[in-house]
$ cat data20.csv   # CSV, C-alpha atoms and all ligand atoms
chain,number,residue,atom,x,y,z
A,1,MET,CA,-50.0,-5.8,-6.0
A,2,LYS,CA,-47.8,-4.1,-8.5
A,3,ILE,CA,-49.5,-1.5,-10.6
A,4,ILE,CA,-50.4,-2.3,-14.1
A,5,ILE,CA,-49.8,0.5,-16.6
A,6,ALA,CA,-52.3,0.4,-19.5
A,7,PRO,CA,-51.3,2.8,-22.3
A,8,SER,CA,-54.3,4.2,-24.2
A,9,ILE,CA,-53.8,4.0,-27.9
A,10,LEU,CA,-56.1,7.0,-28.3
A,11,SER,CA,-53.0,9.1,-28.1
A,12,ALA,CA,-50.8,6.9,-30.2
A,13,ASP,CA,-50.0,7.6,-33.9
A,14,SER,CA,-53.0,6.1,-35.5
A,15,SER,CA,-51.3,5.6,-38.8
A,16,ARG,CA,-48.8,3.2,-37.0
A,17,LEU,CA,-51.0,1.5,-34.4
A,18,SER,CA,-49.3,-1.9,-34.6
A,19,GLU,CA,-45.8,-0.4,-34.2
A,20,GLU,CA,-47.0,1.8,-31.3
A,21,ILE,CA,-48.5,-1.2,-29.5
A,22,SER,CA,-45.2,-3.2,-30.0
A,23,ALA,CA,-43.3,-0.3,-28.7
A,24,VAL,CA,-45.2,0.1,-25.5
A,25,GLU,CA,-45.2,-3.7,-25.0
A,26,LYS,CA,-41.4,-3.6,-25.2
A,27,ALA,CA,-41.4,-0.5,-22.9
A,28,GLY,CA,-43.2,-2.4,-20.1
A,29,ALA,CA,-46.9,-1.9,-20.6
A,30,GLY,CA,-49.1,-4.4,-18.8
A,31,TRP,CA,-52.3,-4.0,-20.8
A,32,ILE,CA,-53.3,-2.2,-24.0
A,33,HIS,CA,-56.2,0.2,-23.3
A,34,ILE,CA,-58.4,0.6,-26.4
A,35,ASP,CA,-61.0,3.4,-26.3
A,36,VAL,CA,-64.1,2.7,-28.5
A,37,MET,CA,-66.3,5.8,-29.0
A,38,ASP,CA,-69.5,6.0,-31.0
A,39,GLY,CA,-70.2,9.7,-31.4
A,40,HIS,CA,-73.4,9.3,-29.4
A,41,PHE,CA,-72.4,8.4,-25.8
A,42,VAL,CA,-69.3,10.7,-26.2
A,43,PRO,CA,-68.7,13.4,-28.8
A,44,ASN,CA,-65.9,11.6,-30.6
A,45,ILE,CA,-65.6,8.5,-32.9
A,46,THR,CA,-62.7,6.1,-32.8
A,47,LEU,CA,-62.4,2.5,-33.9
A,48,GLY,CA,-64.3,-0.7,-33.9
A,49,PRO,CA,-63.9,-4.5,-33.9
A,50,ALA,CA,-62.3,-4.8,-37.4
A,51,ILE,CA,-59.3,-2.7,-36.4
A,52,ILE,CA,-59.0,-4.4,-33.0
A,53,SER,CA,-58.9,-7.8,-34.7
A,54,THR,CA,-56.1,-6.6,-36.9
A,55,LEU,CA,-54.2,-5.3,-33.9
A,56,ARG,CA,-54.7,-8.6,-32.1
A,57,LYS,CA,-51.9,-10.1,-34.2
A,58,THR,CA,-49.4,-7.6,-32.9
A,59,THR,CA,-49.2,-8.5,-29.2
A,60,LYS,CA,-50.2,-11.1,-26.6
A,61,LEU,CA,-50.8,-8.4,-23.9
A,62,PRO,CA,-54.4,-8.2,-22.7
A,63,PHE,CA,-56.7,-5.9,-24.7
A,64,ASP,CA,-58.6,-3.7,-22.3
A,65,VAL,CA,-61.5,-2.5,-24.3
A,66,HIS,CA,-63.3,0.5,-23.0
A,67,LEU,CA,-66.6,0.8,-24.7
A,68,MET,CA,-67.9,4.4,-24.6
A,69,ILE,CA,-70.9,3.5,-26.7
A,70,GLU,CA,-74.7,3.4,-26.3
A,71,ASN,CA,-76.4,0.0,-26.3
A,72,PRO,CA,-73.1,-1.8,-25.6
A,73,GLU,CA,-74.9,-5.2,-25.4
A,74,ARG,CA,-75.3,-5.2,-29.1
A,75,TYR,CA,-71.6,-5.2,-29.8
A,76,ILE,CA,-70.2,-7.5,-27.1
A,77,GLU,CA,-70.0,-10.5,-29.4
A,78,SER,CA,-68.1,-8.5,-32.1
A,79,PHE,CA,-65.6,-7.1,-29.6
A,80,SER,CA,-65.2,-10.5,-28.0
A,81,GLN,CA,-64.5,-12.2,-31.3
A,82,ALA,CA,-62.1,-9.4,-32.3
A,83,GLY,CA,-59.9,-10.3,-29.4
A,84,ALA,CA,-60.8,-8.2,-26.4
A,85,ASP,CA,-59.8,-9.7,-23.0
A,86,ILE,CA,-61.5,-7.2,-20.8
A,87,ILE,CA,-64.7,-5.5,-21.9
A,88,THR,CA,-65.8,-2.5,-19.9
A,89,VAL,CA,-69.2,-0.8,-20.4
A,90,HIS,CA,-70.5,2.4,-18.9
A,91,VAL,CA,-73.2,2.2,-16.3
A,92,GLU,CA,-74.7,5.4,-17.9
A,93,ALA,CA,-74.9,3.6,-21.3
A,94,ALA,CA,-76.3,0.2,-20.4
A,95,ASN,CA,-80.0,0.1,-19.7
A,96,HIS,CA,-79.8,-3.5,-18.5
A,97,LEU,CA,-76.4,-3.6,-17.0
A,98,HIS,CA,-76.7,-7.0,-15.4
A,99,ARG,CA,-77.7,-8.6,-18.7
A,100,THR,CA,-74.8,-6.8,-20.5
A,101,VAL,CA,-72.3,-8.0,-17.9
A,102,ASP,CA,-73.7,-11.5,-18.2
A,103,ILE,CA,-73.2,-11.4,-22.0
A,104,ILE,CA,-69.6,-10.4,-21.5
A,105,LYS,CA,-68.9,-13.2,-19.0
A,106,LYS,CA,-70.7,-15.8,-21.1
A,107,ALA,CA,-68.4,-14.8,-24.0
A,108,GLY,CA,-65.5,-15.9,-21.7
A,109,LYS,CA,-64.2,-12.3,-21.1
A,110,LYS,CA,-63.6,-10.3,-18.0
A,111,ALA,CA,-66.4,-7.8,-17.3
A,112,GLY,CA,-65.7,-4.2,-16.4
A,113,VAL,CA,-68.1,-1.4,-15.5
A,114,SER,CA,-67.2,2.2,-15.7
A,115,LEU,CA,-68.5,5.4,-14.1
A,116,ASN,CA,-68.3,9.0,-15.4
A,117,PRO,CA,-66.9,11.6,-13.0
A,118,ALA,CA,-70.4,12.8,-12.0
A,119,THR,CA,-71.9,9.3,-11.5
A,120,SER,CA,-72.2,8.1,-7.9
A,121,LEU,CA,-70.6,4.9,-6.7
A,122,THR,CA,-74.0,3.9,-5.4
A,123,GLN,CA,-75.0,3.1,-9.0
A,124,ILE,CA,-72.8,0.1,-9.0
A,125,GLU,CA,-73.5,-1.4,-5.6
A,126,GLU,CA,-75.8,-4.1,-6.9
A,127,ILE,CA,-73.6,-5.1,-9.8
A,128,LEU,CA,-70.3,-5.4,-7.9
A,129,PRO,CA,-70.7,-9.1,-7.1
A,130,ASP,CA,-70.8,-9.8,-10.9
A,131,ILE,CA,-67.9,-7.8,-12.2
A,132,ASP,CA,-64.1,-8.3,-12.5
A,133,LEU,CA,-63.1,-4.7,-12.8
A,134,LEU,CA,-64.4,-1.2,-11.8
A,135,LEU,CA,-63.2,1.7,-14.0
A,136,ILE,CA,-63.3,5.1,-12.5
A,137,MET,CA,-63.2,7.9,-15.1
A,138,SER,CA,-61.1,10.8,-13.8
A,139,VAL,CA,-61.9,12.9,-16.9
A,140,ASN,CA,-65.2,13.2,-18.9
A,141,PRO,CA,-64.8,10.5,-21.5
A,142,GLY,CA,-64.3,11.5,-25.1
A,143,PHE,CA,-60.8,12.8,-25.5
A,144,GLY,CA,-57.2,12.1,-24.5
A,145,GLY,CA,-54.9,14.7,-22.9
A,146,GLN,CA,-57.5,16.2,-20.5
A,147,GLN,CA,-56.8,17.3,-17.0
A,148,PHE,CA,-57.3,14.9,-14.0
A,149,ILE,CA,-60.5,15.9,-12.1
A,150,LYS,CA,-59.3,16.3,-8.5
A,151,THR,CA,-62.5,15.1,-6.8
A,152,SER,CA,-61.8,11.7,-8.4
A,153,LEU,CA,-59.2,11.0,-5.7
A,154,PRO,CA,-61.6,10.7,-2.8
A,155,LYS,CA,-63.9,8.7,-5.1
A,156,ILE,CA,-61.1,6.2,-5.8
A,157,VAL,CA,-60.5,5.8,-2.1
A,158,ARG,CA,-64.3,5.2,-1.5
A,159,ALA,CA,-64.4,2.7,-4.4
A,160,LYS,CA,-61.4,0.8,-3.0
A,161,LYS,CA,-63.1,0.5,0.3
A,162,MET,CA,-66.2,-0.9,-1.4
A,163,LEU,CA,-64.1,-3.4,-3.3
A,164,GLU,CA,-62.1,-4.5,-0.3
A,165,ALA,CA,-65.3,-5.4,1.5
A,166,LEU,CA,-66.0,-8.0,-1.1
A,167,PRO,CA,-64.9,-11.6,-0.6
A,168,TYR,CA,-63.2,-11.8,-4.0
A,169,LYS,CA,-60.9,-9.5,-6.0
A,170,VAL,CA,-62.3,-6.9,-8.3
A,171,LEU,CA,-59.7,-4.7,-10.0
A,172,LEU,CA,-59.8,-1.0,-9.7
A,173,GLU,CA,-58.8,0.9,-12.8
A,174,VAL,CA,-58.4,4.7,-13.2
A,175,ASP,CA,-58.6,6.4,-16.5
A,176,GLY,CA,-58.0,10.0,-17.5
A,177,GLY,CA,-55.4,12.7,-16.9
A,178,VAL,CA,-52.8,10.5,-15.3
A,179,ASN,CA,-49.3,11.8,-15.3
A,180,LEU,CA,-46.0,11.5,-13.5
A,181,LYS,CA,-47.0,14.0,-10.9
A,182,ASN,CA,-50.4,12.5,-9.8
A,183,ILE,CA,-49.9,8.8,-10.4
A,184,GLY,CA,-48.4,8.4,-6.9
A,185,ASP,CA,-51.6,9.7,-5.2
A,186,ILE,CA,-53.8,7.6,-7.6
A,187,ALA,CA,-51.9,4.5,-6.7
A,188,GLN,CA,-52.0,5.3,-3.0
A,189,ALA,CA,-55.8,5.9,-3.3
A,190,GLY,CA,-56.1,2.2,-4.4
A,191,ALA,CA,-55.8,1.9,-8.2
A,192,ASP,CA,-54.6,-1.5,-9.5
A,193,VAL,CA,-54.6,-0.6,-13.1
A,194,ILE,CA,-53.8,2.9,-14.4
A,195,VAL,CA,-54.5,4.1,-17.9
A,196,ALA,CA,-52.1,6.6,-19.4
A,197,GLY,CA,-52.6,8.0,-22.9
A,198,ALA,CA,-50.9,11.4,-23.5
A,199,ALA,CA,-48.4,10.7,-20.7
A,200,VAL,CA,-47.0,7.7,-22.5
A,201,PHE,CA,-47.6,8.4,-26.2
A,202,GLY,CA,-46.8,12.1,-25.9
A,203,SER,CA,-43.4,11.3,-24.4
A,204,ASP,CA,-40.1,10.9,-26.4
A,205,ASP,CA,-39.1,7.7,-24.6
A,206,TYR,CA,-41.9,5.2,-23.8
A,207,GLN,CA,-39.6,2.9,-21.8
A,208,LYS,CA,-38.3,5.7,-19.6
A,209,THR,CA,-41.8,7.1,-19.1
A,210,ILE,CA,-43.5,3.8,-18.3
A,211,ALA,CA,-40.6,2.9,-15.9
A,212,ALA,CA,-41.0,6.4,-14.2
A,213,LEU,CA,-44.8,5.9,-13.9
A,214,LYS,CA,-44.3,2.5,-12.3
A,215,THR,CA,-41.7,3.8,-9.9
A,216,ALA,CA,-43.8,6.7,-8.9
A,217,ALA,CA,-46.9,4.5,-8.4
A,218,ASN,CA,-45.2,1.6,-6.7
A,219,SER,CA,-43.2,3.8,-4.3
A,220,GLN,CA,-46.5,4.7,-2.7
A,221,THR,CA,-48.0,1.3,-2.5
A,222,ALA,CA,-45.1,-0.8,-1.0
B,301,LIG,C1,-61.0,9.2,-22.4
B,301,LIG,C2,-60.4,7.8,-22.5
B,301,LIG,C3,-59.1,7.6,-22.0
B,301,LIG,C4,-58.0,8.5,-22.6
B,301,LIG,C5,-57.0,8.8,-21.5
B,301,LIG,O1,-62.3,9.2,-22.9
B,301,LIG,O2,-61.3,6.9,-21.9
B,301,LIG,O3,-58.7,6.3,-22.0
B,301,LIG,O4,-57.4,8.0,-23.7
B,301,LIG,O5,-56.1,9.6,-22.0
B,301,LIG,P1,-55.2,10.5,-21.1
B,301,LIG,O6,-54.3,9.6,-20.3
B,301,LIG,O7,-54.4,11.3,-22.1
B,301,LIG,O8,-56.1,11.4,-20.3
B,302,ZN,ZN,-60.4,4.8,-21.7

$ encode --input "data20.csv" --output "structure tokens"
Amino acid sequence: MKIIIAPSILSADSSRLSEEISAVEKAGAGWIHIDVMDGHFVPNITLGPAIISTLRKTTKLPFDVHLMIENPERYIESFSQAGADIITVHVEAANHLHRTVDIIKKAGKKAGVSLNPATSLTQIEEILPDIDLLLIMSVNPGFGGQQFIKTSLPKIVRAKKMLEALPYKVLLEVDGGVNLKNIGDIAQAGADVIVAGAAVFGSDDYQKTIAALKTAANSQTA
């Protein structure tokens, strides 16, 4: 499968979010990654459903909504109505993860579950049969532009093995610190979807950067 590049708009120019989304769409992005932070689960605050619903008019690309918020079950309906296509919640933030995943699926959306760098893969064993996507954080969530945590690579390999043992496809997404130098290894480790914030929005030419990321990723996975 070809790698999907999901630019994270956390690193985009927030005064021109619609234009930035159109620009990365033109430049070859597969999904738009939207980081929602509540100032509790992570030490940063970003945006909510109202802004997402405004941005929904800009593009038909899937909105990959990464909820870094406590009690995510309370907000699934709002994010779903705002136009999210994939809703990912953190295993560390959802007390009743199965119920939360169920709410996402009943809303007709794809359900993702995410793990912080220090959270073991054993935490998601029981929920795997119910999800569409597993998101491995390769930085501590909260900010863009951080350095990739190296121990994430063997974790991605182990996650891929778990997913390959399932009788159906669960996508593996990697988020945090991805750049042109490490995307090849991340793809080879088994990622299907790769988030890139600073690497894309910090570059001068989105098209060139996304093309280079795809080339570097796909050259390892042919
Ligand atoms: C971090 C977010 C990431 C972040 C990635 O909490 O979940 O999506 O925007 O940004 P980069 O690619 O710059 O590490
Ligand atoms: Zn994210």

$ residues_near_point --input "data20.csv" --point "(-63.3, 13.8, -25.8)" --cutoff "7 Å" --atoms "only C-alpha atoms" --output "list in words"
Val42, Pro43, Asn44, Pro141, Gly142, Phe143 and Gly144 of chain A

$ closest_atom_pairs --input "data20.csv" --of "chain A" --to "ligand LIG 301 (chain B)" --cutoff "7 Å" --atoms "only C-alpha atoms and all ligand atoms" --output "Markdown table"
| residue | atom | partner | partner_atom | distance |
| --- | --- | --- | --- | --- |
| A:Ser8 | CA | B:LIG301 | O4 | 4.9 |
| A:Ile9 | CA | B:LIG301 | O4 | 6.8 |
| A:Leu10 | CA | B:LIG301 | O4 | 4.9 |
| A:Ser11 | CA | B:LIG301 | O4 | 6.3 |
| A:His33 | CA | B:LIG301 | O3 | 6.7 |
| A:Asp35 | CA | B:LIG301 | O2 | 5.6 |
| A:His66 | CA | B:LIG301 | O2 | 6.8 |
| A:Val139 | CA | B:LIG301 | C1 | 6.7 |
| A:Asn140 | CA | B:LIG301 | O1 | 6.4 |
| A:Pro141 | CA | B:LIG301 | O1 | 3.1 |
| A:Gly142 | CA | B:LIG301 | O1 | 3.8 |
| A:Phe143 | CA | B:LIG301 | O1 | 4.7 |
| A:Gly144 | CA | B:LIG301 | O5 | 3.7 |
| A:Gly145 | CA | B:LIG301 | O7 | 3.5 |
| A:Gln146 | CA | B:LIG301 | O8 | 5.0 |
| A:Gln147 | CA | B:LIG301 | O8 | 6.8 |
| A:Asp175 | CA | B:LIG301 | O3 | 5.5 |
| A:Gly176 | CA | B:LIG301 | O8 | 3.7 |
| A:Gly177 | CA | B:LIG301 | O8 | 3.7 |
| A:Val178 | CA | B:LIG301 | O6 | 5.3 |
| A:Val195 | CA | B:LIG301 | O6 | 6.0 |
| A:Ala196 | CA | B:LIG301 | O6 | 3.8 |
| A:Gly197 | CA | B:LIG301 | O6 | 3.5 |
| A:Ala198 | CA | B:LIG301 | O7 | 3.8 |
| A:Ala199 | CA | B:LIG301 | O6 | 6.0 |

$ write_last_selection --input "data20.csv" --atoms "C-alpha atoms" --output "CSV table (one decimal), in the frame of the given file"
chain,number,residue,atom,x,y,z
A,8,SER,CA,-54.3,4.2,-24.2
A,9,ILE,CA,-53.8,4.0,-27.9
A,10,LEU,CA,-56.1,7.0,-28.3
A,11,SER,CA,-53.0,9.1,-28.1
A,33,HIS,CA,-56.2,0.2,-23.3
A,35,ASP,CA,-61.0,3.4,-26.3
A,66,HIS,CA,-63.3,0.5,-23.0
A,139,VAL,CA,-61.9,12.9,-16.9
A,140,ASN,CA,-65.2,13.2,-18.9
A,141,PRO,CA,-64.8,10.5,-21.5
A,142,GLY,CA,-64.3,11.5,-25.1
A,143,PHE,CA,-60.8,12.8,-25.5
A,144,GLY,CA,-57.2,12.1,-24.5
A,145,GLY,CA,-54.9,14.7,-22.9
A,146,GLN,CA,-57.5,16.2,-20.5
A,147,GLN,CA,-56.8,17.3,-17.0
A,175,ASP,CA,-58.6,6.4,-16.5
A,176,GLY,CA,-58.0,10.0,-17.5
A,177,GLY,CA,-55.4,12.7,-16.9
A,178,VAL,CA,-52.8,10.5,-15.3
A,195,VAL,CA,-54.5,4.1,-17.9
A,196,ALA,CA,-52.1,6.6,-19.4
A,197,GLY,CA,-52.6,8.0,-22.9
A,198,ALA,CA,-50.9,11.4,-23.5
A,199,ALA,CA,-48.4,10.7,-20.7

$ residues_around --input "data20.csv" --residues "Gly39 (chain A)" --least-positions-apart "5" --cutoff "10 Å" --atoms "all atoms listed in the file" --output "list of chain:residue names"
A:Asn44, A:Ile45, A:Thr46, A:Met68, A:Ile69, A:Glu70, A:Gly142

$ closest_residue --input "data20.csv" --among "A:Ala111, A:Ile194, A:Ile3, A:Val200" --to "Val170 (chain A)" --atoms "only C-alpha atoms"
A:Ala111

$ residues_around --input "data20.csv" --residues "Val113 (chain A)" --least-positions-apart "4" --cutoff "7 Å" --atoms "all atoms listed in the file" --output "list in words"
Thr88, Val89, His90, Val91, Leu133, Leu134 and Leu135 of chain A

$ residues_around --input "data20.csv" --residues "Thr59 (chain A)" --least-positions-apart "4" --cutoff "9 Å" --atoms "all atoms listed in the file" --output "JSON, numbers by chain"
{"A": [18, 21, 22, 25, 55]}

$ residues_around --input "data20.csv" --residues "Ala82 (chain A)" --least-positions-apart "4" --cutoff "10 Å" --atoms "all atoms listed in the file" --output "PDB file with C-alpha atoms, keeping the file's coordinate frame"
ATOM      1  CA  GLY A  48     -64.300  -0.700 -33.900  1.00  0.00           C
ATOM      2  CA  PRO A  49     -63.900  -4.500 -33.900  1.00  0.00           C
ATOM      3  CA  ALA A  50     -62.300  -4.800 -37.400  1.00  0.00           C
ATOM      4  CA  ILE A  51     -59.300  -2.700 -36.400  1.00  0.00           C
ATOM      5  CA  ILE A  52     -59.000  -4.400 -33.000  1.00  0.00           C
ATOM      6  CA  SER A  53     -58.900  -7.800 -34.700  1.00  0.00           C
ATOM      7  CA  THR A  54     -56.100  -6.600 -36.900  1.00  0.00           C
ATOM      8  CA  LEU A  55     -54.200  -5.300 -33.900  1.00  0.00           C
ATOM      9  CA  ARG A  56     -54.700  -8.600 -32.100  1.00  0.00           C
ATOM     10  CA  PHE A  63     -56.700  -5.900 -24.700  1.00  0.00           C
ATOM     11  CA  ILE A  76     -70.200  -7.500 -27.100  1.00  0.00           C
ATOM     12  CA  GLU A  77     -70.000 -10.500 -29.400  1.00  0.00           C
ATOM     13  CA  SER A  78     -68.100  -8.500 -32.100  1.00  0.00           C
TER      14      SER A  78
END

$ build_atoms --input "data20.csv" --residues "region 19-42 of chain A" --atoms "N, CA, C and O atoms" --output "compact mmCIF listing (two decimals), keeping the file's coordinate frame"
# COMPACT_ATOMS: atom_id res chain seq x y z
N GLU A 19 -47.20 -0.73 -34.68
CA GLU A 19 -45.80 -0.40 -34.20
C GLU A 19 -45.90 0.24 -32.82
O GLU A 19 -45.07 -0.03 -31.96
N GLU A 20 -46.88 1.10 -32.63
CA GLU A 20 -47.00 1.80 -31.30
C GLU A 20 -47.31 0.77 -30.23
O GLU A 20 -46.76 0.85 -29.13
N ILE A 21 -48.14 -0.22 -30.53
CA ILE A 21 -48.50 -1.20 -29.50
C ILE A 21 -47.21 -2.07 -29.21
O ILE A 21 -46.89 -2.32 -28.05
N SER A 22 -46.48 -2.47 -30.25
CA SER A 22 -45.20 -3.20 -30.00
C SER A 22 -44.27 -2.40 -29.18
O SER A 22 -43.61 -2.93 -28.28
N ALA A 23 -44.20 -1.12 -29.47
CA ALA A 23 -43.30 -0.30 -28.70
C ALA A 23 -43.61 -0.16 -27.26
O ALA A 23 -42.73 -0.28 -26.41
N VAL A 24 -44.89 -0.01 -26.93
CA VAL A 24 -45.20 0.10 -25.50
C VAL A 24 -45.14 -1.27 -24.82
O VAL A 24 -44.85 -1.35 -23.63
N GLU A 25 -45.35 -2.33 -25.59
CA GLU A 25 -45.20 -3.70 -25.00
C GLU A 25 -43.71 -3.83 -24.58
O GLU A 25 -43.41 -4.21 -23.44
N LYS A 26 -42.81 -3.51 -25.48
CA LYS A 26 -41.40 -3.60 -25.20
C LYS A 26 -41.00 -2.67 -24.03
O LYS A 26 -40.11 -2.96 -23.25
N ALA A 27 -41.71 -1.57 -23.93
CA ALA A 27 -41.40 -0.50 -22.90
C ALA A 27 -41.97 -0.87 -21.54
O ALA A 27 -41.77 -0.11 -20.60
N GLY A 28 -42.71 -1.99 -21.42
CA GLY A 28 -43.20 -2.40 -20.10
C GLY A 28 -44.65 -2.22 -19.81
O GLY A 28 -45.07 -2.33 -18.65
N ALA A 29 -45.45 -1.98 -20.84
CA ALA A 29 -46.90 -1.90 -20.60
C ALA A 29 -47.45 -3.24 -20.15
O ALA A 29 -46.94 -4.29 -20.55
N GLY A 30 -48.48 -3.18 -19.30
CA GLY A 30 -49.10 -4.40 -18.80
C GLY A 30 -50.30 -4.83 -19.61
O GLY A 30 -50.53 -6.00 -19.91
N TRP A 31 -51.11 -3.84 -19.96
CA TRP A 31 -52.30 -4.00 -20.80
C TRP A 31 -52.28 -2.97 -21.88
O TRP A 31 -51.61 -1.94 -21.74
N ILE A 32 -53.05 -3.23 -22.94
CA ILE A 32 -53.30 -2.20 -24.00
C ILE A 32 -54.70 -1.71 -23.81
O ILE A 32 -55.65 -2.50 -23.92
N HIS A 33 -54.85 -0.42 -23.54
CA HIS A 33 -56.20 0.20 -23.30
C HIS A 33 -56.71 0.71 -24.66
O HIS A 33 -56.07 1.53 -25.31
N ILE A 34 -57.88 0.20 -25.06
CA ILE A 34 -58.40 0.60 -26.40
C ILE A 34 -59.77 1.30 -26.16
O ILE A 34 -60.73 0.70 -25.64
N ASP A 35 -59.82 2.56 -26.53
CA ASP A 35 -61.00 3.40 -26.30
C ASP A 35 -61.91 3.34 -27.55
O ASP A 35 -61.52 3.77 -28.63
N VAL A 36 -63.11 2.82 -27.35
CA VAL A 36 -64.10 2.70 -28.50
C VAL A 36 -65.16 3.78 -28.23
O VAL A 36 -65.84 3.77 -27.19
N MET A 37 -65.31 4.69 -29.19
CA MET A 37 -66.30 5.80 -29.00
C MET A 37 -67.20 5.84 -30.24
O MET A 37 -66.76 5.64 -31.38
N ASP A 38 -68.47 6.13 -29.97
CA ASP A 38 -69.50 6.00 -31.00
C ASP A 38 -70.07 7.32 -31.53
O ASP A 38 -70.97 7.34 -32.37
N GLY A 39 -69.60 8.44 -30.99
CA GLY A 39 -70.20 9.70 -31.40
C GLY A 39 -71.54 10.01 -30.87
O GLY A 39 -72.16 11.02 -31.22
N HIS A 40 -72.05 9.13 -30.01
CA HIS A 40 -73.40 9.30 -29.40
C HIS A 40 -73.20 9.44 -27.86
O HIS A 40 -73.56 10.43 -27.25
N PHE A 41 -72.62 8.38 -27.28
CA PHE A 41 -72.40 8.40 -25.80
C PHE A 41 -71.34 9.47 -25.49
O PHE A 41 -71.41 10.11 -24.45
N VAL A 42 -70.38 9.62 -26.39
CA VAL A 42 -69.30 10.70 -26.20
C VAL A 42 -69.21 11.40 -27.57
O VAL A 42 -69.52 10.84 -28.62
